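Enquirer: Sending over coords17.pdb (PDB, C-alpha atoms and all ligand atoms).
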ATOM      1  CA  MET A   1     -12.431 -44.207  -2.620  1.00  0.00           C
ATOM      2  CA  ALA A   2     -15.364 -42.128  -3.818  1.00  0.00           C
ATOM      3  CA  LYS A   3     -16.208 -42.465  -7.493  1.00  0.00           C
ATOM      4  CA  PRO A   4     -15.033 -39.595  -9.696  1.00  0.00           C
ATOM      5  CA  GLN A   5     -17.776 -37.056 -10.383  1.00  0.00           C
ATOM      6  CA  ILE A   6     -17.916 -36.227 -14.087  1.00  0.00           C
ATOM      7  CA  LEU A   7     -19.736 -33.217 -15.542  1.00  0.00           C
ATOM      8  CA  VAL A   8     -20.593 -33.490 -19.242  1.00  0.00           C
ATOM      9  CA  THR A   9     -21.682 -30.598 -21.432  1.00  0.00           C
ATOM     10  CA  ASN A  10     -21.658 -29.584 -25.110  1.00  0.00           C
ATOM     11  CA  ASP A  11     -22.567 -26.735 -27.425  1.00  0.00           C
ATOM     12  CA  ASP A  12     -24.777 -28.637 -29.878  1.00  0.00           C
ATOM     13  CA  GLY A  13     -27.682 -29.073 -27.503  1.00  0.00           C
ATOM     14  CA  ILE A  14     -29.000 -31.806 -25.244  1.00  0.00           C
ATOM     15  CA  GLN A  15     -30.256 -33.900 -28.173  1.00  0.00           C
ATOM     16  CA  ALA A  16     -26.948 -34.020 -30.052  1.00  0.00           C
ATOM     17  CA  PRO A  17     -25.626 -37.547 -30.714  1.00  0.00           C
ATOM     18  CA  GLY A  18     -22.099 -36.520 -29.655  1.00  0.00           C
ATOM     19  CA  LEU A  19     -23.325 -35.687 -26.142  1.00  0.00           C
ATOM     20  CA  ALA A  20     -24.842 -39.151 -25.682  1.00  0.00           C
ATOM     21  CA  ILE A  21     -21.636 -40.763 -26.969  1.00  0.00           C
ATOM     22  CA  LEU A  22     -19.486 -38.737 -24.565  1.00  0.00           C
ATOM     23  CA  ALA A  23     -21.774 -39.360 -21.557  1.00  0.00           C
ATOM     24  CA  GLU A  24     -21.823 -43.078 -22.353  1.00  0.00           C
ATOM     25  CA  ALA A  25     -18.020 -43.169 -22.639  1.00  0.00           C
ATOM     26  CA  MET A  26     -17.693 -41.481 -19.227  1.00  0.00           C
ATOM     27  CA  GLU A  27     -19.952 -44.034 -17.470  1.00  0.00           C
ATOM     28  CA  ALA A  28     -17.012 -46.432 -17.110  1.00  0.00           C
ATOM     29  CA  LEU A  29     -15.038 -43.808 -15.163  1.00  0.00           C
ATOM     30  CA  GLY A  30     -17.428 -42.488 -12.518  1.00  0.00           C
ATOM     31  CA  ASP A  31     -20.754 -40.798 -11.788  1.00  0.00           C
ATOM     32  CA  VAL A  32     -21.883 -38.871 -14.858  1.00  0.00           C
ATOM     33  CA  TRP A  33     -23.925 -35.672 -14.694  1.00  0.00           C
ATOM     34  CA  VAL A  34     -25.116 -34.001 -17.895  1.00  0.00           C
ATOM     35  CA  TYR A  35     -25.916 -30.294 -18.034  1.00  0.00           C
ATOM     36  CA  ALA A  36     -26.300 -29.152 -21.631  1.00  0.00           C
ATOM     37  CA  PRO A  37     -27.936 -26.338 -23.603  1.00  0.00           C
ATOM     38  CA  ASP A  38     -31.526 -26.933 -24.753  1.00  0.00           C
ATOM     39  CA  ARG A  39     -30.590 -26.016 -28.345  1.00  0.00           C
ATOM     40  CA  GLN A  40     -27.754 -25.484 -30.793  1.00  0.00           C
ATOM     41  CA  GLN A  41     -25.171 -23.125 -29.260  1.00  0.00           C
ATOM     42  CA  SER A  42     -22.190 -23.716 -31.528  1.00  0.00           C
ATOM     43  CA  ALA A  43     -19.773 -20.805 -31.925  1.00  0.00           C
ATOM     44  CA  VAL A  44     -21.191 -18.888 -28.959  1.00  0.00           C
ATOM     45  CA  GLY A  45     -17.675 -18.874 -27.539  1.00  0.00           C
ATOM     46  CA  HIS A  46     -17.375 -18.202 -23.825  1.00  0.00           C
ATOM     47  CA  GLY A  47     -20.646 -16.291 -23.724  1.00  0.00           C
ATOM     48  CA  VAL A  48     -22.587 -16.094 -20.491  1.00  0.00           C
ATOM     49  CA  SER A  49     -26.261 -15.068 -20.148  1.00  0.00           C
ATOM     50  CA  LEU A  50     -26.359 -12.024 -17.900  1.00  0.00           C
ATOM     51  CA  HIS A  51     -29.549 -10.291 -18.972  1.00  0.00           C
ATOM     52  CA  ARG A  52     -32.286 -12.860 -18.571  1.00  0.00           C
ATOM     53  CA  PRO A  53     -33.351 -15.641 -16.212  1.00  0.00           C
ATOM     54  CA  LEU A  54     -32.071 -19.160 -16.809  1.00  0.00           C
ATOM     55  CA  ARG A  55     -34.272 -22.240 -16.433  1.00  0.00           C
ATOM     56  CA  VAL A  56     -33.031 -25.746 -15.732  1.00  0.00           C
ATOM     57  CA  THR A  57     -35.186 -28.734 -16.703  1.00  0.00           C
ATOM     58  CA  GLN A  58     -34.491 -32.309 -15.646  1.00  0.00           C
ATOM     59  CA  LEU A  59     -35.014 -34.779 -18.509  1.00  0.00           C
ATOM     60  CA  LYS A  60     -34.031 -38.015 -16.796  1.00  0.00           C
ATOM     61  CA  ASP A  61     -31.789 -39.228 -13.999  1.00  0.00           C
ATOM     62  CA  ARG A  62     -28.741 -36.918 -13.909  1.00  0.00           C
ATOM     63  CA  TRP A  63     -29.611 -35.282 -17.261  1.00  0.00           C
ATOM     64  CA  PHE A  64     -30.537 -31.606 -17.246  1.00  0.00           C
ATOM     65  CA  MET A  65     -31.069 -29.033 -19.952  1.00  0.00           C
ATOM     66  CA  VAL A  66     -30.412 -25.349 -19.505  1.00  0.00           C
ATOM     67  CA  ASP A  67     -31.791 -22.619 -21.772  1.00  0.00           C
ATOM     68  CA  GLY A  68     -28.368 -21.018 -21.975  1.00  0.00           C
ATOM     69  CA  THR A  69     -24.823 -21.364 -23.234  1.00  0.00           C
ATOM     70  CA  PRO A  70     -22.277 -24.091 -22.449  1.00  0.00           C
ATOM     71  CA  THR A  71     -20.618 -21.669 -20.034  1.00  0.00           C
ATOM     72  CA  ASP A  72     -23.969 -21.090 -18.276  1.00  0.00           C
ATOM     73  CA  CYS A  73     -24.375 -24.865 -17.935  1.00  0.00           C
ATOM     74  CA  VAL A  74     -20.997 -25.413 -16.285  1.00  0.00           C
ATOM     75  CA  MET A  75     -21.280 -22.330 -14.088  1.00  0.00           C
ATOM     76  CA  LEU A  76     -24.725 -23.295 -12.764  1.00  0.00           C
ATOM     77  CA  ALA A  77     -23.887 -26.973 -12.338  1.00  0.00           C
ATOM     78  CA  VAL A  78     -20.634 -26.439 -10.469  1.00  0.00           C
ATOM     79  CA  ARG A  79     -21.570 -23.437  -8.391  1.00  0.00           C
ATOM     80  CA  ASP A  80     -25.132 -24.316  -7.502  1.00  0.00           C
ATOM     81  CA  LEU A  81     -26.726 -27.506  -8.768  1.00  0.00           C
ATOM     82  CA  LEU A  82     -24.298 -30.355  -8.134  1.00  0.00           C
ATOM     83  CA  ASP A  83     -23.921 -31.685  -4.591  1.00  0.00           C
ATOM     84  CA  ALA A  84     -20.250 -32.488  -5.093  1.00  0.00           C
ATOM     85  CA  ARG A  85     -17.621 -30.583  -7.025  1.00  0.00           C
ATOM     86  CA  PRO A  86     -16.810 -32.426 -10.268  1.00  0.00           C
ATOM     87  CA  ASP A  87     -13.403 -34.052 -10.665  1.00  0.00           C
ATOM     88  CA  ILE A  88     -13.512 -33.349 -14.385  1.00  0.00           C
ATOM     89  CA  VAL A  89     -15.570 -31.346 -16.876  1.00  0.00           C
ATOM     90  CA  VAL A  90     -15.772 -32.777 -20.396  1.00  0.00           C
ATOM     91  CA  ALA A  91     -17.390 -31.076 -23.392  1.00  0.00           C
ATOM     92  CA  GLY A  92     -18.473 -32.554 -26.724  1.00  0.00           C
ATOM     93  CA  VAL A  93     -18.246 -34.618 -28.723  1.00  0.00           C
ATOM     94  CA  ASN A  94     -18.519 -31.748 -31.183  1.00  0.00           C
ATOM     95  CA  PRO A  95     -19.279 -32.601 -34.808  1.00  0.00           C
ATOM     96  CA  GLY A  96     -16.613 -30.504 -36.527  1.00  0.00           C
ATOM     97  CA  ALA A  97     -13.027 -29.632 -35.763  1.00  0.00           C
ATOM     98  CA  ASN A  98     -12.007 -27.109 -33.132  1.00  0.00           C
ATOM     99  CA  LEU A  99      -8.491 -26.457 -34.328  1.00  0.00           C
ATOM    100  CA  GLY A 100      -6.227 -23.422 -34.306  1.00  0.00           C
ATOM    101  CA  ASP A 101      -7.908 -20.047 -33.869  1.00  0.00           C
ATOM    102  CA  ASP A 102     -11.330 -21.679 -33.881  1.00  0.00           C
ATOM    103  CA  VAL A 103     -10.898 -22.496 -30.203  1.00  0.00           C
ATOM    104  CA  THR A 104     -11.787 -18.877 -29.441  1.00  0.00           C
ATOM    105  CA  TYR A 105     -15.199 -19.183 -31.141  1.00  0.00           C
ATOM    106  CA  SER A 106     -15.968 -22.663 -29.924  1.00  0.00           C
ATOM    107  CA  GLY A 107     -18.751 -23.249 -27.414  1.00  0.00           C
ATOM    108  CA  THR A 108     -17.341 -26.748 -26.870  1.00  0.00           C
ATOM    109  CA  VAL A 109     -13.949 -25.420 -25.826  1.00  0.00           C
ATOM    110  CA  ALA A 110     -15.666 -22.724 -23.738  1.00  0.00           C
ATOM    111  CA  GLY A 111     -17.592 -25.317 -21.717  1.00  0.00           C
ATOM    112  CA  ALA A 112     -14.310 -26.951 -20.739  1.00  0.00           C
ATOM    113  CA  TYR A 113     -12.646 -23.547 -20.331  1.00  0.00           C
ATOM    114  CA  GLU A 114     -15.222 -22.589 -17.712  1.00  0.00           C
ATOM    115  CA  GLY A 115     -14.374 -25.781 -15.839  1.00  0.00           C
ATOM    116  CA  MET A 116     -10.700 -24.787 -15.925  1.00  0.00           C
ATOM    117  CA  LEU A 117     -11.539 -21.292 -14.590  1.00  0.00           C
ATOM    118  CA  LEU A 118     -13.347 -22.970 -11.714  1.00  0.00           C
ATOM    119  CA  GLY A 119     -10.177 -24.943 -10.951  1.00  0.00           C
ATOM    120  CA  ILE A 120     -11.433 -28.277 -12.305  1.00  0.00           C
ATOM    121  CA  ASN A 121      -9.741 -30.686 -14.764  1.00  0.00           C
ATOM    122  CA  ALA A 122     -11.301 -29.957 -18.147  1.00  0.00           C
ATOM    123  CA  VAL A 123     -11.187 -31.426 -21.659  1.00  0.00           C
ATOM    124  CA  ALA A 124     -12.985 -30.530 -24.904  1.00  0.00           C
ATOM    125  CA  PHE A 125     -13.541 -33.230 -27.544  1.00  0.00           C
ATOM    126  CA  SER A 126     -14.270 -32.753 -31.243  1.00  0.00           C
ATOM    127  CA  ASP A 127     -14.682 -35.145 -34.162  1.00  0.00           C
ATOM    128  CA  VAL A 128     -13.092 -33.246 -37.048  1.00  0.00           C
ATOM    129  CA  SER A 129     -15.875 -34.074 -39.506  1.00  0.00           C
ATOM    130  CA  TYR A 130     -18.908 -31.789 -39.759  1.00  0.00           C
ATOM    131  CA  GLU A 131     -20.847 -34.883 -40.798  1.00  0.00           C
ATOM    132  CA  PRO A 132     -19.263 -37.533 -38.593  1.00  0.00           C
ATOM    133  CA  LYS A 133     -19.598 -41.198 -39.444  1.00  0.00           C
ATOM    134  CA  HIS A 134     -17.340 -42.600 -36.732  1.00  0.00           C
ATOM    135  CA  MET A 135     -18.048 -40.590 -33.594  1.00  0.00           C
ATOM    136  CA  GLU A 136     -17.724 -43.748 -31.488  1.00  0.00           C
ATOM    137  CA  THR A 137     -13.970 -43.424 -32.122  1.00  0.00           C
ATOM    138  CA  SER A 138     -14.075 -40.073 -30.305  1.00  0.00           C
ATOM    139  CA  GLY A 139     -15.969 -41.768 -27.477  1.00  0.00           C
ATOM    140  CA  GLY A 140     -13.129 -44.272 -27.044  1.00  0.00           C
ATOM    141  CA  VAL A 141     -10.495 -41.534 -27.200  1.00  0.00           C
ATOM    142  CA  ALA A 142     -12.478 -39.469 -24.672  1.00  0.00           C
ATOM    143  CA  GLN A 143     -12.575 -42.395 -22.259  1.00  0.00           C
ATOM    144  CA  ARG A 144      -8.805 -42.897 -22.435  1.00  0.00           C
ATOM    145  CA  VAL A 145      -7.959 -39.186 -22.185  1.00  0.00           C
ATOM    146  CA  ALA A 146     -10.382 -38.570 -19.295  1.00  0.00           C
ATOM    147  CA  ALA A 147      -8.984 -41.595 -17.410  1.00  0.00           C
ATOM    148  CA  MET A 148      -5.461 -40.229 -17.895  1.00  0.00           C
ATOM    149  CA  VAL A 149      -6.492 -36.759 -16.705  1.00  0.00           C
ATOM    150  CA  LEU A 150      -8.297 -38.167 -13.651  1.00  0.00           C
ATOM    151  CA  GLY A 151      -5.178 -40.208 -12.864  1.00  0.00           C
ATOM    152  CA  HIS A 152      -2.614 -37.430 -13.191  1.00  0.00           C
ATOM    153  CA  GLY A 153      -4.627 -34.254 -12.628  1.00  0.00           C
ATOM    154  CA  LEU A 154      -3.943 -31.380 -15.037  1.00  0.00           C
ATOM    155  CA  PRO A 155      -1.599 -28.551 -14.076  1.00  0.00           C
ATOM    156  CA  LYS A 156      -3.264 -25.370 -12.789  1.00  0.00           C
ATOM    157  CA  ASP A 157      -4.871 -23.094 -15.377  1.00  0.00           C
ATOM    158  CA  THR A 158      -4.622 -25.723 -18.096  1.00  0.00           C
ATOM    159  CA  MET A 159      -7.270 -27.526 -20.140  1.00  0.00           C
ATOM    160  CA  LEU A 160      -6.966 -29.970 -23.013  1.00  0.00           C
ATOM    161  CA  ASN A 161      -8.427 -29.490 -26.478  1.00  0.00           C
ATOM    162  CA  VAL A 162      -8.738 -32.866 -28.190  1.00  0.00           C
ATOM    163  CA  ASN A 163      -9.560 -33.371 -31.881  1.00  0.00           C
ATOM    164  CA  VAL A 164     -10.158 -36.820 -33.321  1.00  0.00           C
ATOM    165  CA  PRO A 165     -10.034 -37.951 -36.971  1.00  0.00           C
ATOM    166  CA  ASP A 166     -13.400 -39.264 -38.188  1.00  0.00           C
ATOM    167  CA  VAL A 167     -12.223 -42.805 -38.867  1.00  0.00           C
ATOM    168  CA  THR A 168     -12.756 -46.210 -37.335  1.00  0.00           C
ATOM    169  CA  GLU A 169     -10.592 -46.847 -34.274  1.00  0.00           C
ATOM    170  CA  ASP A 170      -8.200 -49.188 -36.135  1.00  0.00           C
ATOM    171  CA  LEU A 171      -7.328 -46.442 -38.634  1.00  0.00           C
ATOM    172  CA  LEU A 172      -6.120 -43.965 -35.989  1.00  0.00           C
ATOM    173  CA  ARG A 173      -2.365 -43.558 -36.390  1.00  0.00           C
ATOM    174  CA  GLY A 174      -1.822 -42.588 -32.754  1.00  0.00           C
ATOM    175  CA  THR A 175      -1.883 -39.437 -30.637  1.00  0.00           C
ATOM    176  CA  ARG A 176       0.192 -36.258 -30.920  1.00  0.00           C
ATOM    177  CA  VAL A 177       0.611 -33.537 -28.339  1.00  0.00           C
ATOM    178  CA  THR A 178       0.338 -30.350 -30.387  1.00  0.00           C
ATOM    179  CA  ARG A 179       0.286 -26.572 -30.328  1.00  0.00           C
ATOM    180  CA  MET A 180      -2.524 -24.394 -31.655  1.00  0.00           C
ATOM    181  CA  GLY A 181      -2.265 -23.759 -35.377  1.00  0.00           C
ATOM    182  CA  ARG A 182      -3.463 -20.861 -37.491  1.00  0.00           C
ATOM    183  CA  ARG A 183      -6.589 -20.535 -39.586  1.00  0.00           C
ATOM    184  CA  HIS A 184      -6.843 -18.890 -42.977  1.00  0.00           C
ATOM    185  CA  TYR A 185      -9.712 -16.432 -43.002  1.00  0.00           C
ATOM    186  CA  GLU A 186     -10.000 -15.845 -46.744  1.00  0.00           C
ATOM    187  CA  ASP A 187     -13.280 -16.185 -48.610  1.00  0.00           C
ATOM    188  CA  GLU A 188     -15.176 -16.932 -45.470  1.00  0.00           C
ATOM    189  CA  ILE A 189     -17.908 -14.345 -45.814  1.00  0.00           C
ATOM    190  CA  VAL A 190     -20.560 -15.126 -48.376  1.00  0.00           C
ATOM    191  CA  ARG A 191     -22.542 -12.185 -49.760  1.00  0.00           C
ATOM    192  CA  ARG A 192     -25.811 -12.860 -51.556  1.00  0.00           C
ATOM    193  CA  GLU A 193     -29.075 -11.247 -52.480  1.00  0.00           C
ATOM    194  CA  ASP A 194     -32.257 -12.362 -50.744  1.00  0.00           C
ATOM    195  CA  PRO A 195     -35.545 -12.975 -52.675  1.00  0.00           C
ATOM    196  CA  ARG A 196     -36.509  -9.324 -52.088  1.00  0.00           C
ATOM    197  CA  GLY A 197     -33.285  -8.011 -53.589  1.00  0.00           C
ATOM    198  CA  ARG A 198     -31.590  -7.060 -50.335  1.00  0.00           C
ATOM    199  CA  LEU A 199     -28.051  -8.088 -49.515  1.00  0.00           C
ATOM    200  CA  TYR A 200     -27.356 -10.598 -46.807  1.00  0.00           C
ATOM    201  CA  TYR A 201     -24.156 -12.066 -45.447  1.00  0.00           C
ATOM    202  CA  TRP A 202     -23.319 -15.534 -44.285  1.00  0.00           C
ATOM    203  CA  ILE A 203     -20.244 -15.946 -42.108  1.00  0.00           C
ATOM    204  CA  GLY A 204     -18.298 -19.178 -42.369  1.00  0.00           C
ATOM    205  CA  GLY A 205     -20.031 -20.238 -45.565  1.00  0.00           C
ATOM    206  CA  ASN A 206     -16.944 -21.893 -47.018  1.00  0.00           C
ATOM    207  CA  LYS A 207     -14.895 -24.658 -45.610  1.00  0.00           C
ATOM    208  CA  PRO A 208     -12.129 -23.252 -43.399  1.00  0.00           C
ATOM    209  CA  SER A 209      -8.557 -23.714 -44.512  1.00  0.00           C
ATOM    210  CA  HIS A 210      -5.388 -23.530 -42.466  1.00  0.00           C
ATOM    211  CA  ILE A 211      -1.674 -22.934 -42.593  1.00  0.00           C
ATOM    212  CA  LEU A 212       0.154 -26.228 -42.248  1.00  0.00           C
ATOM    213  CA  GLU A 213       2.938 -25.754 -39.705  1.00  0.00           C
ATOM    214  CA  PRO A 214       4.908 -28.485 -37.954  1.00  0.00           C
ATOM    215  CA  GLY A 215       3.825 -29.433 -34.461  1.00  0.00           C
ATOM    216  CA  THR A 216       0.346 -27.989 -34.845  1.00  0.00           C
ATOM    217  CA  ASP A 217      -3.065 -29.488 -34.219  1.00  0.00           C
ATOM    218  CA  PHE A 218      -3.819 -29.101 -37.948  1.00  0.00           C
ATOM    219  CA  GLU A 219      -0.771 -31.129 -38.902  1.00  0.00           C
ATOM    220  CA  ALA A 220      -1.603 -33.970 -36.515  1.00  0.00           C
ATOM    221  CA  ILE A 221      -5.146 -34.217 -37.875  1.00  0.00           C
ATOM    222  CA  GLU A 222      -3.939 -33.989 -41.481  1.00  0.00           C
ATOM    223  CA  GLN A 223      -1.656 -36.961 -40.791  1.00  0.00           C
ATOM    224  CA  GLY A 224      -4.381 -39.060 -39.170  1.00  0.00           C
ATOM    225  CA  TYR A 225      -3.427 -38.610 -35.513  1.00  0.00           C
ATOM    226  CA  VAL A 226      -5.533 -37.603 -32.520  1.00  0.00           C
ATOM    227  CA  SER A 227      -4.458 -34.069 -31.558  1.00  0.00           C
ATOM    228  CA  VAL A 228      -4.157 -33.140 -27.868  1.00  0.00           C
ATOM    229  CA  THR A 229      -3.429 -29.448 -27.260  1.00  0.00           C
ATOM    230  CA  PRO A 230      -2.928 -28.051 -23.771  1.00  0.00           C
ATOM    231  CA  LEU A 231      -4.542 -24.609 -23.572  1.00  0.00           C
ATOM    232  CA  HIS A 232      -3.504 -22.065 -20.978  1.00  0.00           C
ATOM    233  CA  ARG A 233      -5.755 -19.612 -19.172  1.00  0.00           C
ATOM    234  CA  ASP A 234      -3.284 -16.763 -19.468  1.00  0.00           C
ATOM    235  CA  VAL A 235      -3.313 -15.309 -22.993  1.00  0.00           C
ATOM    236  CA  THR A 236      -0.929 -12.466 -22.050  1.00  0.00           C
ATOM    237  CA  ASN A 237       1.859 -12.087 -24.583  1.00  0.00           C
ATOM    238  CA  HIS A 238       4.640 -12.223 -22.006  1.00  0.00           C
ATOM    239  CA  ALA A 239       7.328 -11.669 -24.660  1.00  0.00           C
ATOM    240  CA  VAL A 240       6.169  -8.106 -25.339  1.00  0.00           C
ATOM    241  CA  LEU A 241       5.590  -6.943 -21.738  1.00  0.00           C
ATOM    242  CA  GLU A 242       8.989  -5.273 -21.516  1.00  0.00           C
ATOM    243  CA  MET A 243       8.767  -3.648 -24.948  1.00  0.00           C
ATOM    244  CA  LEU A 244       5.327  -2.237 -24.121  1.00  0.00           C
ATOM    245  CA  ARG A 245       6.558  -0.925 -20.758  1.00  0.00           C
ATOM    246  CA  GLY A 246       9.237   0.915 -22.723  1.00  0.00           C
ATOM    247  CA  TRP A 247       6.494   2.666 -24.720  1.00  0.00           C
ATOM    248  CA  ILE A 248       4.214   3.470 -21.838  1.00  0.00           C
ATOM    249  CA  GLU A 249       5.784   3.586 -18.400  1.00  0.00           C
TER     250      GLU A 249
HETATM  251 MN    MN A 301     -20.902 -27.484 -31.896  1.00  0.00          MN
END
Would you put the structure from the file into structure tokens?
Expert:
Amino acid sequence: MAKPQILVTNDDGIQAPGLAILAEAMEALGDVWVYAPDRQQSAVGHGVSLHRPLRVTQLKDRWFMVDGTPTDCVMLAVRDLLDARPDIVVAGVNPGANLGDDVTYSGTVAGAYEGMLLGINAVAFSDVSYEPKHMETSGGVAQRVAAMVLGHGLPKDTMLNVNVPDVTEDLLRGTRVTRMGRRHYEDEIVRREDPRGRLYYWIGGNKPSHILEPGTDFEAIEQGYVSVTPLHRDVTNHAVLEMLRGWIE
């Protein structure tokens, strides 16, 4: 049987330690191809570069940097650059949680999301610490999750969002399958004066907080578990379709 083809990307740039850890973890599972942004692209969401040329530079065997977003990387790699269609797209390992509503801002999740849109198995991995000390734990988790996904194949229009506590492997309490939680957005905009007396704003200056609800990604992480959340492509609120038709049609 042909070896699985594995596409690795991230949103922290080609030099980020989490990318090397993820690529290394994938080596045991198949042929690894890295296409990653040339610089920090965190919180670019599912952005795609439509108004300028994109350049791809090879750094070493099967490692390429793209002067674009994570979505650009996956789109170019899958649709043009790779000889074979990947069996899985993995993104990360992001330093910092991608929990709850943050998945909509996340470039890490978006890289995997693009894989899902292209009909490929896709998983995003994040170490929940913004200053990780145990990212190798995420590498181990990524290897196990990716092997499982390659074995089973994900359902159509589904990707996984995986968050890992920043602890040594032996301190992980296990894995929970979770739903997306909710962020608190209070006090998140910092307003200050610059040295010339003009106001400036800094978004996301404070540490994000969340609403602790049972079954959520936040709860699993709070309790020391790996959180695995299946995300669906269709964000339609099916429950209100009929009500809205009553208003409009
Ligand atoms: Mn990032």
Enquirer: Around ligand MN 301 (chain A), at most 12 Å away and counting only C-alpha atoms and all ligand atoms, which residues are there? Put them as a PyMOL selection string, please.
Expert: chain A and resi 9-19+36-37+39-45+69-70+91-98+102-103+105-111+124-131
Enquirer: Given the file shown, enumerate the residues that the PyMOL selection byres (((chain A and resi 65) around 6) and not hetatm) captures and present them as a VMD selection string.
Expert: chain A and resid 35 to 38 56 to 57 64 66
Enquirer: Using only C-alpha atoms, which of A:Trp33, A:Arg52, A:Asp101, A:Gln223 sits nearest Cys73 (chain A)?
Expert: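 Of A:Trp33, A:Arg52, A:Asp101, A:Gln223, the one nearest Cys73 (chain A) is A:Trp33, counting only C-alpha atoms.
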Enquirer: Evaluate the PyMOL selection byres (((chain A and resi 224-228) around 12) and not hetatm) and record the selected residues as a PyMOL selection string, following the chain and residue labels used in the document.
Expert: chain A and resi 97-100+123-128+137-138+140-142+144-146+149+159-181+215-223+229-231
Enquirer: Nearest residue to Asp72 (chain A) out of A:Leu241, A:Ala20, A:Ile88, A:Leu54, using all atoms listed in the file?
Expert: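 Under the stated criterion, the closest residue is A:Leu54.
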Enquirer: Quick one: of A:Ala239, A:Leu199, A:Met116, A:Leu7, who's nearest to Asp83 (chain A), counting all atoms listed in the file?
Expert: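 The closest residue to Asp83 (chain A) is A:Leu7.
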Enquirer: For a quick check of your reading of the model, name the residues lying within 12 Å of the coordinate (-22.8, -12.3, -49.7), counting all atoms listed in the file, and write them as a PyMOL selection string.
Expert: chain A and resi 187-194+197-206
Enquirer: Evaluate the PyMOL selection byres (((chain A and resi 1-6) around 6) and not hetatm) and record the selected residues as a ChimeraX atom specification, following the chain and residue labels used in the document.
Expert: /A:7,30-32,86-88
Enquirer: Which residue is closest to Lys60 (chain A)? Choose from A:Val34, A:Val90, A:His46, A:His152 and count only C-alpha atoms.
Expert: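 Nearest candidate to Lys60 (chain A) out of A:Val34, A:Val90, A:His46, A:His152: A:Val34.
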Enquirer: Measure the distance from CA of Glu114 (chain A) to CA of Ser49 (chain A) in Å and round it to one decimal.
Expert: 13.6 Å
Enquirer: Using CA of Val8 (chain A) and CA of Asp157 (chain A) as the two end points, give the distance in Å to one decimal.
Expert: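 Atom-to-atom, CA of Val8 (chain A) to CA of Asp157 (chain A), that is 19.2 Å.
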Enquirer: Report, in Å with one decimal, the straight-line distance from CA of Leu29 (chain A) to CA of Gly119 (chain A).
Expert: 19.9 Å
Enquirer: Taking all atoms of region 87-98 of chain A that the file lists, what box with edges along x, y and z, padded by 5 Å per side, do you get, with centre and edge lengths in Å to one decimal, as JSON?
Expert:
{"center_x": -15.6, "center_y": -30.9, "center_z": -23.6, "size_x": 17.3, "size_y": 17.5, "size_z": 35.9}
Enquirer: Between A:Val48, A:Leu117, A:Val74, A:Met135, which one has atoms that come closest to Lys156 (chain A), using all atoms listed in the file?
Expert: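 Residue with the minimum atom-to-atom distance to Lys156 (chain A): A:Leu117.
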Enquirer: With all atoms listed in the file as the basis for distance, which of A:Ala122, A:Tyr113, A:Val78, A:Val240 is at the shortest distance from Ala147 (chain A)?
Expert: A:Ala122
